[in-house]
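The structure under discussion appears below in the form of structure tokens.
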Amino acid sequence: MQYSLTCPAQECNFSVKVNTQNSEWALEKIIELSSFHNKQSHPDLPRITHEQIKNIVLSRAQEEMEYDQ
Ligand SMILES: [Zn+2]
């Protein structure tokens with residue numbers, strides 16, 4: 001199962017991908033990496049909340065599962 005998040009900032013190609021069966025671990029990892037990226041690259045952007053990251057990652061994972069069938 002692949003979980004991923006693309007940076008919502010314009011003209012930023014940063015994305016995180018995690019391959020695992022453990023969705024909680026995937027979310028933790030993606031939140032950690034994207035928070036780090038945001039602090040480094042977009043300190044002036046409004047901080048995306050952990051809840052928002054979870055929603056984005058999970059809805060995308062859901063879509064990919066549907067494609068696979
Ligand atoms: Zn970015």
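So you can find residues: chains in the structure tokens are A, B, ... in the order shown, residues in each start at 1, and ligands are numbered from 1 in order.
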Set the cut-off to 6 Å, count only C-alpha atoms and all ligand atoms, and list whatever residues fall near ligand 1 as a ChimeraX atom specification. /A:7,9,12,14
All residues 12 Å or closer to Ile56 (chain A), only C-alpha atoms, same chain fewer than 5 positions away omitted, as a PDB file with C-alpha atoms, in the first residue's frame:
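Output contents, as saved in result.pdb:
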```
ATOM      1  CA  TYR A   3       0.754   6.552   0.920  1.00  0.00           C
ATOM      2  CA  SER A   4       1.864   9.846  -0.524  1.00  0.00           C
ATOM      3  CA  LEU A   5       1.664  13.577  -0.105  1.00  0.00           C
ATOM      4  CA  THR A   6       2.628  16.273  -2.579  1.00  0.00           C
ATOM      5  CA  CYS A   7       3.572  19.693  -1.301  1.00  0.00           C
ATOM      6  CA  PRO A   8       0.611  22.031  -1.891  1.00  0.00           C
ATOM      7  CA  LEU A  27       0.831   9.021   8.489  1.00  0.00           C
ATOM      8  CA  ILE A  30       4.567  11.708   6.211  1.00  0.00           C
ATOM      9  CA  ILE A  31       3.604  14.277   8.842  1.00  0.00           C
ATOM     10  CA  ILE A  48      -0.922  22.793   7.323  1.00  0.00           C
ATOM     11  CA  THR A  49      -2.409  20.944  10.289  1.00  0.00           C
ATOM     12  CA  HIS A  50      -1.771  17.302  11.021  1.00  0.00           C
ATOM     13  CA  GLU A  51      -5.463  16.677  10.605  1.00  0.00           C
ATOM     14  CA  ALA A  61      -4.675   6.204  -0.659  1.00  0.00           C
ATOM     15  CA  GLN A  62      -8.360   5.404  -1.011  1.00  0.00           C
ATOM     16  CA  GLU A  63      -8.369   6.511  -4.665  1.00  0.00           C
TER      17      GLU A  63
END
```
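Residues with any atom within 9 Å of Ser23 (chain A), counting only C-alpha atoms and excluding same-chain neighbours fewer than 5 positions away, are Met1, Tyr3, Glu28 and Leu58 of chain A.
Straight-line separation from CA of Trp25 (chain A) to CA of Lys54 (chain A): 11.5 Å.
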State, in Å with one decimal place, the distance from CA of Val18 (chain A) to CA of Arg60 (chain A).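 Straight-line distance from CA of Val18 (chain A) to CA of Arg60 (chain A) works out to 12.5 Å.
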Within chain A, find each residue whose DSSP state, derived from the backbone, is strand (DSSP E or B), and express the selection as a PyMOL selection string. chain A and resi 2-6+15-19
What would the file look like if the residues just selected were written as a PDB file, in the first residue's frame with C-alpha atoms?
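Saved to selection26.pdb:
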```pdb
ATOM      1  CA  GLN A   2       1.428   3.358  -0.975  1.00  0.00           C
ATOM      2  CA  TYR A   3       0.754   6.552   0.920  1.00  0.00           C
ATOM      3  CA  SER A   4       1.864   9.846  -0.524  1.00  0.00           C
ATOM      4  CA  LEU A   5       1.664  13.577  -0.105  1.00  0.00           C
ATOM      5  CA  THR A   6       2.628  16.273  -2.579  1.00  0.00           C
ATOM      6  CA  SER A  15       6.553  14.821  -2.434  1.00  0.00           C
ATOM      7  CA  VAL A  16       6.694  12.072   0.142  1.00  0.00           C
ATOM      8  CA  LYS A  17       5.910   8.438  -0.578  1.00  0.00           C
ATOM      9  CA  VAL A  18       5.731   5.677   1.972  1.00  0.00           C
ATOM     10  CA  ASN A  19       5.128   2.045   1.142  1.00  0.00           C
TER      11      ASN A  19
END
```
Per DSSP on the backbone, filter chain A down to the residues in helix (DSSP H, G or I) and report them as an MDAnalysis selection string. chainID A and resid 23:41 50:68
